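J.: Please see the structure below; I have some questions.
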Amino acid sequence: MIFGAPGSGKGTQSEKMIEKYGFGHISTGDVLRSEIKNNTELGKTAKQFIDQGQLIPDELMVSILANVYDSFGKDHQGVIFDGFPRTIPQAEALKAMLAERGHNIAAMIELDVPEDELMKRLLLRGQLSGRSDDNEETIKKRLDVYHNQTSPLIEWYEREGIRNHINGLGELDRIFSDICDVIDKL
């Protein structure tokens with residue numbers, strides 16, 4: 001599982017892990033954006049939450065992610081969870097869902113980036129991509145949600161014994177090398 005605040009580099013580093021290790025990738029953001037783009041019922045519901053900087057209800061996300069996870073088949077090389085879980089109840093639900101399949105999370109890779117840098121990265125991403133949720137007001141809400149609801153997962157995964165802290169500031173290749181050090185020890 002790759003973990004960090006919005007703008008910490010989860011997607012960028014996930015792409016590099018997929019290329020090197022052949023992992024599957026489940027990005028809740030990508031899954032939800034696809035549903036929104038296709039104007040599905042889930043997409044319409046999700047858009048209301050996202051536009052307000054809020055999280056999608058847990059039971060809905062877990063069932064969606066279970067379907068995506070199962071699509072990789074039983075013999076996959078591993079799957080990166082990117083953007084999920086975001087709360088302790090979600091972490092517990094994910095752990096239970098994986099346990100039902102005889103699997104577990106091998107490592108939680110935490111990309112730690114200072115908040116001023118997160119804001120710069122997200123505003124730039126919004127300008128480059130046109131993502132409507134990358135504006136200053138929504139970014140502030142998303143960072144508040146992260147600090148209030150998501151960051152307690154750091155301690156939860158520490159207690160699980162699988163938290164791996166990575167300094168997410170600096171050269172992409174150095175950050176990726178630190179991530180590879182974690183994966184190569186699994």
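By convention in this document, the chains of the structure tokens carry letters A, B, ... by their order, each chain's residues are numbered from 1, and ligands are numbered from 1 in the order they are shown.
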To test your reading of the structure, identify every residue in chain A that backbone DSSP assigns to alpha helix (DSSP H), and report it as a VMD selection string.
T.: chain A and resid 10 to 21 28 to 37 41 to 51 58 to 70 88 to 100 115 to 129 136 to 145 152 to 160 172 to 184
J.: Determine, counting only C-alpha atoms, which protein, DNA and RNA residues have an atom within 10 Å of an atom of Gly9 (chain A); residues of the same chain fewer than 6 positions away are not included. Present the result as JSON, numbers by chain.
T.: {"A": [2, 3, 111, 112, 113, 118, 121, 168, 169, 172, 175]}
J.: DSSP on the backbone, strand (DSSP E or B) only: what residues of region 26-182 of chain A does that give? Format it as a list in words.
T.: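 Assigned to strand (DSSP E or B), within region 26-182 of chain A: Ile26, Ser27, Val79, Ile80, Phe81, Asp82, Met108, Ile109, Glu110, Leu111, Asp112, Arg163, Asn164, His165, Ile166 and Asn167 of chain A.
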J.: Take the selection from the previous step and output its residues with N, CA, C and O atoms, as an mmCIF file, in the first residue's frame.
T.:
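Resulting contents of again-v7.cif:
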data_model
loop_
_atom_site.group_PDB
_atom_site.id
_atom_site.type_symbol
_atom_site.label_atom_id
_atom_site.label_comp_id
_atom_site.auth_asym_id
_atom_site.auth_seq_id
_atom_site.Cartn_x
_atom_site.Cartn_y
_atom_site.Cartn_z
ATOM 1 N N ILE A 26 -4.285 -0.326 -7.977
ATOM 2 C CA ILE A 26 -5.648 0.134 -7.723
ATOM 3 C C ILE A 26 -5.558 1.529 -7.138
ATOM 4 O O ILE A 26 -5.174 1.708 -5.983
ATOM 5 N N SER A 27 -5.881 2.510 -7.972
ATOM 6 C CA SER A 27 -5.937 3.893 -7.519
ATOM 7 C C SER A 27 -7.395 4.265 -7.344
ATOM 8 O O SER A 27 -8.144 4.299 -8.326
ATOM 9 N N VAL A 79 -0.329 -6.214 -5.706
ATOM 10 C CA VAL A 79 -1.192 -5.101 -6.095
ATOM 11 C C VAL A 79 -0.881 -3.916 -5.188
ATOM 12 O O VAL A 79 -0.752 -4.077 -3.980
ATOM 13 N N ILE A 80 -0.755 -2.754 -5.796
ATOM 14 C CA ILE A 80 -0.543 -1.519 -5.040
ATOM 15 C C ILE A 80 -1.904 -0.891 -4.768
ATOM 16 O O ILE A 80 -2.669 -0.650 -5.706
ATOM 17 N N PHE A 81 -2.197 -0.643 -3.518
ATOM 18 C CA PHE A 81 -3.377 0.145 -3.160
ATOM 19 C C PHE A 81 -2.911 1.585 -3.015
ATOM 20 O O PHE A 81 -2.026 1.885 -2.217
ATOM 21 N N ASP A 82 -3.497 2.469 -3.803
ATOM 22 C CA ASP A 82 -3.076 3.868 -3.899
ATOM 23 C C ASP A 82 -4.291 4.740 -3.590
ATOM 24 O O ASP A 82 -5.254 4.755 -4.343
ATOM 25 N N MET A 108 3.239 -0.982 4.148
ATOM 26 C CA MET A 108 2.638 0.340 3.987
ATOM 27 C C MET A 108 3.817 1.276 3.771
ATOM 28 O O MET A 108 4.701 1.405 4.625
ATOM 29 N N ILE A 109 3.861 1.869 2.559
ATOM 30 C CA ILE A 109 4.943 2.770 2.196
ATOM 31 C C ILE A 109 4.404 4.193 2.303
ATOM 32 O O ILE A 109 3.549 4.597 1.526
ATOM 33 N N GLU A 110 4.913 4.915 3.293
ATOM 34 C CA GLU A 110 4.433 6.267 3.588
ATOM 35 C C GLU A 110 5.353 7.311 2.965
ATOM 36 O O GLU A 110 6.528 7.404 3.329
ATOM 37 N N LEU A 111 4.800 8.087 2.017
ATOM 38 C CA LEU A 111 5.545 9.195 1.423
ATOM 39 C C LEU A 111 5.240 10.453 2.226
ATOM 40 O O LEU A 111 4.117 10.937 2.239
ATOM 41 N N ASP A 112 6.247 10.955 2.903
ATOM 42 C CA ASP A 112 6.087 12.110 3.791
ATOM 43 C C ASP A 112 6.610 13.362 3.095
ATOM 44 O O ASP A 112 7.789 13.427 2.734
ATOM 45 N N ARG A 163 4.600 -0.416 8.658
ATOM 46 C CA ARG A 163 4.806 0.972 8.216
ATOM 47 C C ARG A 163 6.266 1.183 7.821
ATOM 48 O O ARG A 163 7.182 0.785 8.537
ATOM 49 N N ASN A 164 6.454 1.821 6.659
ATOM 50 C CA ASN A 164 7.782 2.167 6.169
ATOM 51 C C ASN A 164 7.768 3.639 5.769
ATOM 52 O O ASN A 164 7.126 4.013 4.791
ATOM 53 N N HIS A 165 8.464 4.471 6.538
ATOM 54 C CA HIS A 165 8.495 5.918 6.303
ATOM 55 C C HIS A 165 9.520 6.233 5.217
ATOM 56 O O HIS A 165 10.658 5.779 5.276
ATOM 57 N N ILE A 166 9.080 7.007 4.211
ATOM 58 C CA ILE A 166 9.964 7.446 3.129
ATOM 59 C C ILE A 166 9.889 8.974 3.049
ATOM 60 O O ILE A 166 8.799 9.543 3.015
ATOM 61 N N ASN A 167 11.050 9.624 2.995
ATOM 62 C CA ASN A 167 11.081 11.066 2.784
ATOM 63 C C ASN A 167 10.675 11.312 1.332
ATOM 64 O O ASN A 167 11.407 10.958 0.409
#
J.: Name all residues at most 12 Å from region 31-48 of chain A (count only C-alpha atoms; drop same-chain ones fewer than 4 positions away) and give them as an MDAnalysis selection string.
T.: chainID A and resid 25:27 52:58 60:61 63:65 67:69 81:84 131:133
J.: Those selected residues, please, written with C-alpha atoms and delivered as a CSV table (one decimal), in the first residue's frame.
T.:
chain,number,residue,atom,x,y,z
A,25,HIS,CA,-2.4,-1.0,-9.3
A,26,ILE,CA,-5.6,0.1,-7.7
A,27,SER,CA,-5.9,3.9,-7.5
A,52,GLN,CA,-17.0,18.9,-1.4
A,53,GLY,CA,-13.6,17.5,-0.5
A,54,GLN,CA,-15.2,14.6,1.3
A,55,LEU,CA,-14.4,10.9,1.4
A,56,ILE,CA,-16.6,8.3,-0.4
A,57,PRO,CA,-18.5,6.0,2.1
A,58,ASP,CA,-16.5,3.0,3.2
A,60,LEU,CA,-19.1,1.5,-1.3
A,61,MET,CA,-15.3,1.8,-1.7
A,63,SER,CA,-16.9,-3.4,-2.6
A,64,ILE,CA,-15.6,-1.5,-5.6
A,65,LEU,CA,-12.0,-2.2,-4.7
A,67,ASN,CA,-14.1,-6.2,-7.6
A,68,VAL,CA,-11.1,-4.4,-9.0
A,69,TYR,CA,-8.7,-6.5,-6.9
A,81,PHE,CA,-3.4,0.1,-3.2
A,82,ASP,CA,-3.1,3.9,-3.9
A,83,GLY,CA,-5.4,6.3,-2.1
A,84,PHE,CA,-7.0,3.6,0.0
A,131,ARG,CA,-8.4,18.5,-12.6
A,132,SER,CA,-11.3,20.4,-11.1
A,133,ASP,CA,-10.4,19.2,-7.6
J.: Just to confirm, what's the straight-line distance from CA of Leu186 (chain A) to CA of Gly170 (chain A) in Å (one decimal)?
T.: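 Distance between the two atoms: 24.6 Å.
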J.: Please, what distance in Å, to one decimal, runs between CA of Ile88 (chain A) and CA of Leu153 (chain A)?
T.: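 Computed distance, CA of Ile88 (chain A) to CA of Leu153 (chain A), equals 5.9 Å.
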J.: From the set A:Arg86, A:Gly73, A:Ala99, A:Ala107, which residue has the shortest atom-to-atom contact distance to Gly4 (chain A), counting only C-alpha atoms?
T.: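 Among the listed residues, A:Arg86 lies closest to Gly4 (chain A).
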J.: Might you pull out every residue within 9 Å of Glu115 (chain A), with only C-alpha atoms counted and same-chain residues fewer than 5 positions away left off, and present them as a PyMOL selection string?
T.: chain A and resi 5+120+143
J.: Write the residues you've just listed into a file as an mmCIF file, in the first residue's frame, and include N, CA and C atoms for each of them.
T.:
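The file below, part-v2.cif, is the result:
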data_model
loop_
_atom_site.group_PDB
_atom_site.id
_atom_site.type_symbol
_atom_site.label_atom_id
_atom_site.label_comp_id
_atom_site.auth_asym_id
_atom_site.auth_seq_id
_atom_site.Cartn_x
_atom_site.Cartn_y
_atom_site.Cartn_z
ATOM 1 N N ALA A 5 -0.222 12.105 1.826
ATOM 2 C CA ALA A 5 -1.194 13.173 1.594
ATOM 3 C C ALA A 5 -1.388 13.374 0.096
ATOM 4 N N LYS A 120 1.995 23.391 -3.408
ATOM 5 C CA LYS A 120 2.624 23.786 -4.679
ATOM 6 C C LYS A 120 2.413 22.717 -5.745
ATOM 7 N N LEU A 143 -6.539 18.398 2.394
ATOM 8 C CA LEU A 143 -5.443 18.276 3.362
ATOM 9 C C LEU A 143 -5.980 18.228 4.790
#
